[in-house]
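*Asks:* Take a look at the following structure, please.
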Amino acid sequence: MANIPQKIVHQYLRHDKKFPHVWCAGCSNGIILGAVIRAIASMNLNRDDIVMVSGIGCSSRMPVYIDVDTLHTLHGRAIAFATGIKLHKPHMKVIVVTGDGDCTAIGGNHLIHAARRNIDLSVILVNNNIYGMTGGQCSPTTPHAAISTTSPYGNIEPDFNICNLALGAGASFVARTTAFHVTEMQNYIQASLEHPGFSLIEVISACPVIYGRLNKKGGAPQMMTEFRDNSVPLTAVEKLPKEQVEGKIVRGILRKDIRPEYTAEYAALQAYAQKLGGESDGKEL
Amino acid sequence: MQNKKTSKSVKTPQASKAAGTQKKKVKAESKLNELQSSLERKTVVMQGNEAVAYGALDAGVNFFAGYPITPSTEVAEILSAELPKRGGTFIQMEDEIASICAITGASLAGAKALTATSGPGFSLMQEGMGFAKITETPCVVVNVMRNGPSTGMPTSPGQGEIQQSRWGSHGDAPAIVLYPDSVKESYELTIRAVNLSEKYRTCVVLLLDEVIGHMRESVTLPDMEKVRVISRIKPTVPPNWYKHYDENQKYLSPLASFGDGYRFHVTGLTHDSHGFPTGKPTESAEMNDRLRRKITHNIRDLVQIESHQMEDAEIAIFAAGITARSAKAAIAMARYRGIKVGLLRPLTIWPFPDDAVRKMLRNVETVIVPELNQGQFSREIIRLTKDKSEGDVVLIKKVNGQLITPNDILRRIKEVI
Amino acid sequence: MEKSYEVRLSGSGGQGLILGGIILARAAVLDKHKITQTQSYGPESRGGYSRADVIISDRDIFFPEATNFNCLLALTQEACDKYIFDLREDGILIVDTTFVKNLAIVADNTYELPFTEIAQEELGSAITTNVLSLAFLVKITDIVSEKSLETSIKESVKPAFVSLNIKAMKLGFKLAKNYGN
């Protein structure tokens with residue numbers, strides 16, 4: 001990894017326009033934005049070829065701060081918008097920033113179908129286990145028995161394992177990390193941007209003001225410490241005894257496969273259709 | 001782009017002569033029609049849905065995302081075959097919500113984008129259509145209307161989305177909605193819908209009746225290079241000076257695309273002229289007013305109506321789409337019996353042709369409004385009826401999946417004289 | 001042609017009636033007439049009800065559905081029962097006696113032939129019933145030229161089925177010519 005001075009982050013921000021930002025003190029979103037920027041910078045990507053798309057929620061406010069083409073869309077629909085952009089301009093790097101509620105509740109359908117198509121999007125899914133922006137309601141990743149404003153007696157629903165969902169849907173690149181593991185996060189983002197296909201990075205993030213407070217997790221430092229102590233790298237999972245792994249966040253690249261990518265397949269289809277010419281005009285009865 | 005649609009065409013030299021002498025019934029600005037009538041003609045038998053697909057291609061549409069639904073599916077089927085041949089993109093999305101979002105994203109990346117659906121899908125698209133409107137992103141939604149709420153009668157006609165096409169998305173932003181009454185006009189108004197969406201940077205709706213979508217008529221299409229195509233204005237200023245919502249005197253502003261180097265922000269939040277979110281009352285009022293006035297200050301460009309035998313009419317019929325064709329047949333029957341009846345037919349139903357309707361109301365004693373719903377056009381007529389007693393607006397409504405026939409209308413004409 | 005001529009082709013899904021309507025419409029356009037062709041059908045691709053209307057005229061056609069037919073082709077009993085009352089008094093009724101066993105009223109100009117049986121026996125496939133009966137209809141009514149019908153069939157059916165359908169057309173013409181003899 002290239003050695004990027006801290007100042008690089010500032011060169012990518014729209015700080016004359018949109019600061020101060022909307023995030024609470026202790027929120028992980030700023031850390032994640034920093035990792036995204038450092039990944040972009042270390043790859044020397046042309047800034048004009050990057051578009052960042054988001055849905056609705058705290059993490060989805062990220063695009064407004066970064067000086068690339070940015071699109072802040074509807075709740076749950078970031079991947080659908082991103083699909084349109086990528087298909088029309090396949091040379092662009094399309095980064096989707098989304099949250100657990102945005103991407104796996106209201107937007108779950110778009111997630112699984114984009115994964116199935118293997119369209120080259122880099123989805124950074126910020127999982128803070130709660131709907132933060134609306135004040136702390138239960139999300140599909142709120143753990144069983146956890147407290148939220150809509151599960152005041154404890155959540156009776158099991159939570160989604162988002163990476164397994166993406167794996168099952170056919171995503172060709174799937175990784176998980178936490179907001180504590182900044183360098184790892186940056187490396188995964190870079191790997192996803194280099195990966196030709198649909199990639200999903202789940203970043204376990206801290207929402208101390210809402211989720212942490214409701215569930216007595218302490219402040220941001222305590223939650224960060226928990227991410228450090230309560231996670232294991234995938235490479236260590238097989239070596240460790242089962243009881244040391246159970247209940248822990250498994251970090252790592254869970255899948256990295258090369259399989260046909262959608263926009264490349266579509267380009268081939270276009271070439272094929274053009275070769276066939278005007279014969280099949282769709283009007284055969 | 002190559003014109004492939006002539007593979008099954010039939011050359012009819014006579015048809016071009018006949019077309020030239022035909023009375024031009026469509027008033028308003030019919031530059032498009034004038035252009036087309038002077039061209040070499042190729043006559044083909046075509047469905048309304050096919051005409052929409054070929055109209056879209058001729059208008060330069062190069063991106064379609066959609067989801068199959070009766071009775072609109074032919075549009076998707078044809079474009080799935082035609083777009084890749086022309087370097088365009090077709091994608092079948094997972095639902096209609098994804099479809100409207102994908103075309104909006106593609107449009108922001110510079111595509112001319114269109115989708116086609118029917119009632120249930122149109123309902124799902126409403127939020128996305130609002131996003132296209134607030135972000136002033138050009139796109140076209142074709143809604144081939146079927147009968148009834150919910151699943152209703154998928155292969156039967158209904159005109160249930162007259163008001164939904166105007167008010168369906170939440171919040172309050174105006175709409176541009178076009179409504180053809182023939183296969184040929186489906187082709188023309190699809191081109192016009194794309195043109196208006198590019199010109200006014202908004203989501204334009206084309207309503208089509210199920211019967212017209214599936215009906216075949218002989219159509220004489222113009223040579224493609226003669227079709228008047230409008231494309232969005234590109235910014236000429238350097239990126240630092242670019243405002244995503246910049247106004248010139250006509251309330252239309254240049255539009256950069258993602259990847260052009262302008263690095264702009266687009267949000268569904270209320271925004272300032274640069275596109276960044278704002279909570280300031282002055283800026284939010286300005287944004288909402290801008291959405292309104294770009295329509296209301298351009299009514300003359302947007303509204304198209306056909307006035308059919310209205311000159312001496314004592315009774316007027318106000319109808320659109322397939323129902324207007326029943327009205328024309330009824331008018332012929334009534335006039336044969338010496339009854340002076342005329343028709344006012346909007347080709348643009350939103351913005352509503354208030355001025356034309358007011359003029360009609362001044363000149364006739366009774367207005368008959370036949371429609372395949374519970375009274376959606378008639379609401380607007382009654383809204384504009386100040387001096388008339390309520391009985392002077394006569395409704396003919398039918399919601400059983402059958403068309404209003406010429407005889408249905410003739411019967412009411414006889415009752416009101 | 002003085003006024004408009006209304007034809008309804010009726011039966012059930014899978015009998016190829018909508019294709020029949022398209023073929024007739026294209027033939028009429030080849031003969032320089034104006035047309036509308038509409039259809040109504042149930043959700044079934046096979047079975048259920050199906051009808052195709054063709055209106056042929058030299059003037060603008062406003063209302064596109066046939067309401068008062070000059071000619072009705074009925075390939076099933078249900079279709080015959082449902083639509084026979086909308087046939088004009090001087091209208092032509094053509095029924096497929098393979099499936100139509102009873103006539104609710106007797107039209108003056110009624111033609112009865114077991115089209116499906118004939119298609120199966122003579123052409124080896126009931127799938128050609130639509131073109132067979134349409135060609136019969138064209139010969140009887142003379143609404144489009146035989147040449148235009150042939151061109152239209154060639155334009156409308158898949159290349160692999162052209163020769164079979166032309167055979168069916170010729171047989172339909174022959175049946176009409178010899179009808180009643």
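All residue names refer to the structure tokens as shown: chains lettered A, B, ... in order, residues numbered from 1 in each chain, ligands numbered from 1 in order.
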Can you check which parts of chain B lie within 7 Å of chain A? Per residue, the shortest pair of atoms and distance in Å to one decimal, counting only C-alpha atoms, sorted by chain and number, as a Markdown table.
*Replies:*
| residue | atom | partner | partner_atom | distance |
| --- | --- | --- | --- | --- |
| B:Lys4 | CA | A:Gly278 | CA | 5.7 |
| B:Glu77 | CA | A:Gly282 | CA | 6.8 |
| B:Ile78 | CA | A:Gly282 | CA | 5.0 |
| B:Ala81 | CA | A:Gly282 | CA | 5.5 |
| B:Glu82 | CA | A:Asp281 | CA | 6.5 |
| B:Pro84 | CA | A:Gln270 | CA | 4.5 |
| B:Lys85 | CA | A:Gln274 | CA | 4.6 |
| B:Gly87 | CA | A:Gln270 | CA | 6.3 |
| B:Glu94 | CA | A:His113 | CA | 6.8 |
| B:Ala98 | CA | A:Ala80 | CA | 5.1 |
| B:Cys101 | CA | A:Phe81 | CA | 4.8 |
| B:Ala102 | CA | A:Gly84 | CA | 4.1 |
| B:Ile103 | CA | A:Gly84 | CA | 5.8 |
| B:Thr104 | CA | A:Phe81 | CA | 6.7 |
| B:Gly105 | CA | A:Phe81 | CA | 4.5 |
| B:Ala106 | CA | A:Gly84 | CA | 4.3 |
| B:Ala109 | CA | A:Ile85 | CA | 5.5 |
| B:Ala111 | CA | A:His88 | CA | 6.7 |
| B:Phe258 | CA | A:Asp69 | CA | 5.9 |
| B:Gly259 | CA | A:Asp49 | CA | 5.4 |
| B:Asp260 | CA | A:Asp48 | CA | 6.8 |
| B:Gly261 | CA | A:Asp48 | CA | 4.9 |
| B:Arg263 | CA | A:Asp69 | CA | 4.1 |
| B:Phe264 | CA | A:Asp69 | CA | 5.2 |
| B:His265 | CA | A:Thr70 | CA | 4.8 |
| B:Val266 | CA | A:Leu71 | CA | 4.8 |
| B:Thr267 | CA | A:His72 | CA | 4.6 |
| B:Gly268 | CA | A:Thr73 | CA | 6.0 |
*Asks:* For those residues, write C-alpha atoms to a file as a PDB file, in the first residue's frame.
*Replies:*
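What landed in result.pdb:
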ATOM      1  CA  LYS B   4     -34.324  -1.593 -39.534  1.00  0.00           C
ATOM      2  CA  GLU B  77     -39.553  -7.085 -26.088  1.00  0.00           C
ATOM      3  CA  ILE B  78     -38.901  -4.965 -29.162  1.00  0.00           C
ATOM      4  CA  ALA B  81     -33.921  -6.825 -29.710  1.00  0.00           C
ATOM      5  CA  GLU B  82     -33.370  -3.387 -31.195  1.00  0.00           C
ATOM      6  CA  PRO B  84     -28.195  -3.701 -28.600  1.00  0.00           C
ATOM      7  CA  LYS B  85     -28.069  -3.606 -32.401  1.00  0.00           C
ATOM      8  CA  GLY B  87     -25.316   0.282 -29.404  1.00  0.00           C
ATOM      9  CA  GLU B  94     -35.986  -7.031 -10.745  1.00  0.00           C
ATOM     10  CA  ALA B  98     -35.520  -0.670  -9.916  1.00  0.00           C
ATOM     11  CA  CYS B 101     -34.230   4.166 -10.722  1.00  0.00           C
ATOM     12  CA  ALA B 102     -32.005   2.569 -13.362  1.00  0.00           C
ATOM     13  CA  ILE B 103     -33.273   4.836 -16.146  1.00  0.00           C
ATOM     14  CA  THR B 104     -32.802   7.874 -13.914  1.00  0.00           C
ATOM     15  CA  GLY B 105     -29.236   6.814 -13.100  1.00  0.00           C
ATOM     16  CA  ALA B 106     -28.519   6.173 -16.783  1.00  0.00           C
ATOM     17  CA  ALA B 109     -24.821   9.456 -16.925  1.00  0.00           C
ATOM     18  CA  ALA B 111     -28.430   8.424 -21.672  1.00  0.00           C
ATOM     19  CA  PHE B 258     -21.636  11.965 -14.733  1.00  0.00           C
ATOM     20  CA  GLY B 259     -18.181  11.353 -16.145  1.00  0.00           C
ATOM     21  CA  ASP B 260     -18.018  14.713 -17.938  1.00  0.00           C
ATOM     22  CA  GLY B 261     -15.669  16.184 -15.352  1.00  0.00           C
ATOM     23  CA  ARG B 263     -18.228  16.454 -10.458  1.00  0.00           C
ATOM     24  CA  PHE B 264     -21.655  17.594  -9.356  1.00  0.00           C
ATOM     25  CA  HIS B 265     -23.971  16.389  -6.621  1.00  0.00           C
ATOM     26  CA  VAL B 266     -27.517  15.168  -7.135  1.00  0.00           C
ATOM     27  CA  THR B 267     -29.875  14.568  -4.242  1.00  0.00           C
ATOM     28  CA  GLY B 268     -33.557  13.954  -3.676  1.00  0.00           C
TER      29      GLY B 268
END
*Asks:* Quick one: everything within 10 Å of Ala179 (chain A), counting only C-alpha atoms, minus sequence neighbours fewer than 5 positions away in the same chain. Send it as a list in words.
*Replies:*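 Counting only the stated atoms, we get Cys27, Ser28, Asn29, Gly30, Ile31, Ile32, Ala35, Val126, Asn127, Asn128, Glu184, Met185, Glu202, Val203, Ile204, Ser205, Ala206, Met223, Met224, Phe227 and Arg228 of chain A.
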*Asks:* Which one is closest to Phe161 (chain C): C:Leu103, C:Ala52, C:Ile127, C:Val138? Count only C-alpha atoms.
*Replies:*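 Checking each candidate against Phe161 (chain C), we get C:Ile127 as the closest.
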*Asks:* Got a sec: who's within 10 Å of Ser125 (chain C), counting only C-alpha atoms, leaving out chain neighbours fewer than 4 positions off, as a ChimeraX atom specification?
*Replies:* /C:116-121,129,164,168
*Asks:* Hey, what's within 12 Å of Ser307 (chain B) if we count only C-alpha atoms and toss same-chain stuff fewer than 5 positions away? As a count of residues only, please?
*Replies:* 26
*Asks:* List the spatial neighbours of region 58-74 of chain C as a PyMOL selection string - criterion: any atom at most 9 Å away, only C-alpha atoms, same-chain residues fewer than 4 positions off excluded.
*Replies:* (chain B and resi 211+215+322-329+403+405-406) or (chain C and resi 1-11+32-39+53-54+78-81+83-96+100+133-134+137+141)
*Asks:* So which bits of region 181-256 of chain A end up alpha helix (DSSP H) when you DSSP the backbone, as a PyMOL selection string?
*Replies:* chain A and resi 182-194+213-214+220-229+234-237+242-245
*Asks:* Next, dump the selected residues to file, keeping only N, CA and C atoms, as an mmCIF file, in the first residue's frame.
*Replies:*
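Written output follows (again-v8.cif):
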data_model
loop_
_atom_site.group_PDB
_atom_site.id
_atom_site.type_symbol
_atom_site.label_atom_id
_atom_site.label_comp_id
_atom_site.auth_asym_id
_atom_site.auth_seq_id
_atom_site.Cartn_x
_atom_site.Cartn_y
_atom_site.Cartn_z
ATOM 1 N N VAL A 182 -8.827 0.052 10.054
ATOM 2 C CA VAL A 182 -8.868 1.063 8.996
ATOM 3 C C VAL A 182 -8.027 0.663 7.777
ATOM 4 N N THR A 183 -6.851 0.159 8.019
ATOM 5 C CA THR A 183 -5.975 -0.201 6.906
ATOM 6 C C THR A 183 -6.556 -1.373 6.128
ATOM 7 N N GLU A 184 -7.067 -2.338 6.885
ATOM 8 C CA GLU A 184 -7.702 -3.497 6.261
ATOM 9 C C GLU A 184 -8.881 -3.034 5.389
ATOM 10 N N MET A 185 -9.650 -2.122 5.954
ATOM 11 C CA MET A 185 -10.817 -1.589 5.227
ATOM 12 C C MET A 185 -10.377 -0.942 3.922
ATOM 13 N N GLN A 186 -9.347 -0.120 4.032
ATOM 14 C CA GLN A 186 -8.837 0.572 2.838
ATOM 15 C C GLN A 186 -8.369 -0.446 1.791
ATOM 16 N N ASN A 187 -7.676 -1.494 2.247
ATOM 17 C CA ASN A 187 -7.196 -2.526 1.317
ATOM 18 C C ASN A 187 -8.360 -3.259 0.646
ATOM 19 N N TYR A 188 -9.396 -3.542 1.436
ATOM 20 C CA TYR A 188 -10.558 -4.231 0.857
ATOM 21 C C TYR A 188 -11.263 -3.348 -0.160
ATOM 22 N N ILE A 189 -11.376 -2.062 0.161
ATOM 23 C CA ILE A 189 -12.039 -1.143 -0.785
ATOM 24 C C ILE A 189 -11.243 -1.091 -2.083
ATOM 25 N N GLN A 190 -9.917 -1.013 -1.922
ATOM 26 C CA GLN A 190 -9.068 -0.989 -3.114
ATOM 27 C C GLN A 190 -9.227 -2.291 -3.912
ATOM 28 N N ALA A 191 -9.245 -3.409 -3.204
ATOM 29 C CA ALA A 191 -9.405 -4.705 -3.883
ATOM 30 C C ALA A 191 -10.751 -4.776 -4.595
ATOM 31 N N SER A 192 -11.777 -4.212 -3.971
ATOM 32 C CA SER A 192 -13.108 -4.260 -4.599
ATOM 33 C C SER A 192 -13.141 -3.370 -5.836
ATOM 34 N N LEU A 193 -12.433 -2.242 -5.790
ATOM 35 C CA LEU A 193 -12.390 -1.354 -6.960
ATOM 36 C C LEU A 193 -11.589 -1.988 -8.105
ATOM 37 N N GLU A 194 -10.639 -2.847 -7.736
ATOM 38 C CA GLU A 194 -9.862 -3.541 -8.769
ATOM 39 C C GLU A 194 -10.588 -4.783 -9.282
ATOM 40 N N ARG A 213 -25.980 3.716 22.939
ATOM 41 C CA ARG A 213 -26.685 4.221 24.119
ATOM 42 C C ARG A 213 -27.850 3.290 24.485
ATOM 43 N N LEU A 214 -28.644 2.880 23.490
ATOM 44 C CA LEU A 214 -29.792 2.020 23.766
ATOM 45 C C LEU A 214 -29.357 0.671 24.332
ATOM 46 N N ALA A 220 -17.927 5.652 21.954
ATOM 47 C CA ALA A 220 -17.239 5.209 20.750
ATOM 48 C C ALA A 220 -15.960 4.426 21.049
ATOM 49 N N PRO A 221 -15.116 4.867 21.989
ATOM 50 C CA PRO A 221 -13.889 4.098 22.250
ATOM 51 C C PRO A 221 -14.185 2.669 22.689
ATOM 52 N N GLN A 222 -15.200 2.496 23.550
ATOM 53 C CA GLN A 222 -15.555 1.152 24.007
ATOM 54 C C GLN A 222 -16.035 0.286 22.842
ATOM 55 N N MET A 223 -16.816 0.895 21.960
ATOM 56 C CA MET A 223 -17.334 0.116 20.833
ATOM 57 C C MET A 223 -16.198 -0.267 19.888
ATOM 58 N N MET A 224 -15.261 0.657 19.688
ATOM 59 C CA MET A 224 -14.096 0.365 18.852
ATOM 60 C C MET A 224 -13.254 -0.762 19.464
ATOM 61 N N THR A 225 -13.092 -0.675 20.767
ATOM 62 C CA THR A 225 -12.341 -1.720 21.462
ATOM 63 C C THR A 225 -13.017 -3.072 21.276
ATOM 64 N N GLU A 226 -14.343 -3.028 21.334
ATOM 65 C CA GLU A 226 -15.087 -4.274 21.149
ATOM 66 C C GLU A 226 -14.843 -4.849 19.751
ATOM 67 N N PHE A 227 -14.821 -3.958 18.742
ATOM 68 C CA PHE A 227 -14.549 -4.431 17.375
ATOM 69 C C PHE A 227 -13.168 -5.094 17.312
ATOM 70 N N ARG A 228 -12.222 -4.506 18.037
ATOM 71 C CA ARG A 228 -10.869 -5.064 18.022
ATOM 72 C C ARG A 228 -10.836 -6.423 18.714
ATOM 73 N N ASP A 229 -11.442 -6.463 19.920
ATOM 74 C CA ASP A 229 -11.330 -7.674 20.736
ATOM 75 C C ASP A 229 -12.292 -8.770 20.309
ATOM 76 N N LEU A 234 -10.300 -14.116 9.173
ATOM 77 C CA LEU A 234 -10.708 -15.375 8.561
ATOM 78 C C LEU A 234 -9.567 -16.394 8.570
ATOM 79 N N THR A 235 -8.350 -15.899 8.360
ATOM 80 C CA THR A 235 -7.197 -16.786 8.307
ATOM 81 C C THR A 235 -6.963 -17.502 9.632
ATOM 82 N N ALA A 236 -7.442 -16.892 10.732
ATOM 83 C CA ALA A 236 -7.220 -17.488 12.052
ATOM 84 C C ALA A 236 -8.345 -18.414 12.478
ATOM 85 N N VAL A 237 -9.480 -18.293 11.755
ATOM 86 C CA VAL A 237 -10.679 -19.008 12.206
ATOM 87 C C VAL A 237 -10.440 -20.508 12.317
ATOM 88 N N LYS A 242 -13.070 -23.697 18.531
ATOM 89 C CA LYS A 242 -14.406 -23.235 18.161
ATOM 90 C C LYS A 242 -14.951 -22.173 19.123
ATOM 91 N N GLU A 243 -14.743 -22.401 20.424
ATOM 92 C CA GLU A 243 -15.335 -21.472 21.402
ATOM 93 C C GLU A 243 -14.725 -20.077 21.325
ATOM 94 N N GLN A 244 -13.521 -19.986 20.789
ATOM 95 C CA GLN A 244 -12.901 -18.662 20.658
ATOM 96 C C GLN A 244 -13.396 -17.906 19.424
ATOM 97 N N VAL A 245 -14.085 -18.611 18.546
ATOM 98 C CA VAL A 245 -14.573 -17.996 17.310
ATOM 99 C C VAL A 245 -16.052 -17.654 17.420
#
*Asks:* Output the contact residues of chain C with respect to chain A at a cut-off of 8 Å, based on only C-alpha atoms, as a PDB file with C-alpha atoms, in the first residue's frame.
*Replies:*
ATOM      1  CA  LEU C  19     -52.354 -13.942 -36.339  1.00  0.00           C
ATOM      2  CA  SER C 156     -46.511 -12.708 -41.309  1.00  0.00           C
ATOM      3  CA  VAL C 157     -45.643 -16.329 -40.628  1.00  0.00           C
ATOM      4  CA  LYS C 158     -42.247 -17.689 -39.768  1.00  0.00           C
TER       5      LYS C 158
END
*Asks:* Check the smallest atom-to-atom distance from each of A:Leu240, A:Val94, A:Ala25, A:Leu165 to His195 (chain A) using only C-alpha atoms, then report the winner.
*Replies:*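 Using only C-alpha atoms, the shortest distance to His195 (chain A) belongs to A:Val94.
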*Asks:* What separation in Å, quoted to one decimal, exists between CA of Ile315 (chain B) and CA of Ile413 (chain B)?
*Replies:* 7.8 Å
*Asks:* I'd like the contact shell of Phe173 (chain A) - 12 Å cut-off, only C-alpha atoms, skipping same-chain residues fewer than 4 positions apart - returned as a ChimeraX atom specification.
*Replies:* /A:115-116,118-124,163-164,166-169,188-202,252-259,261
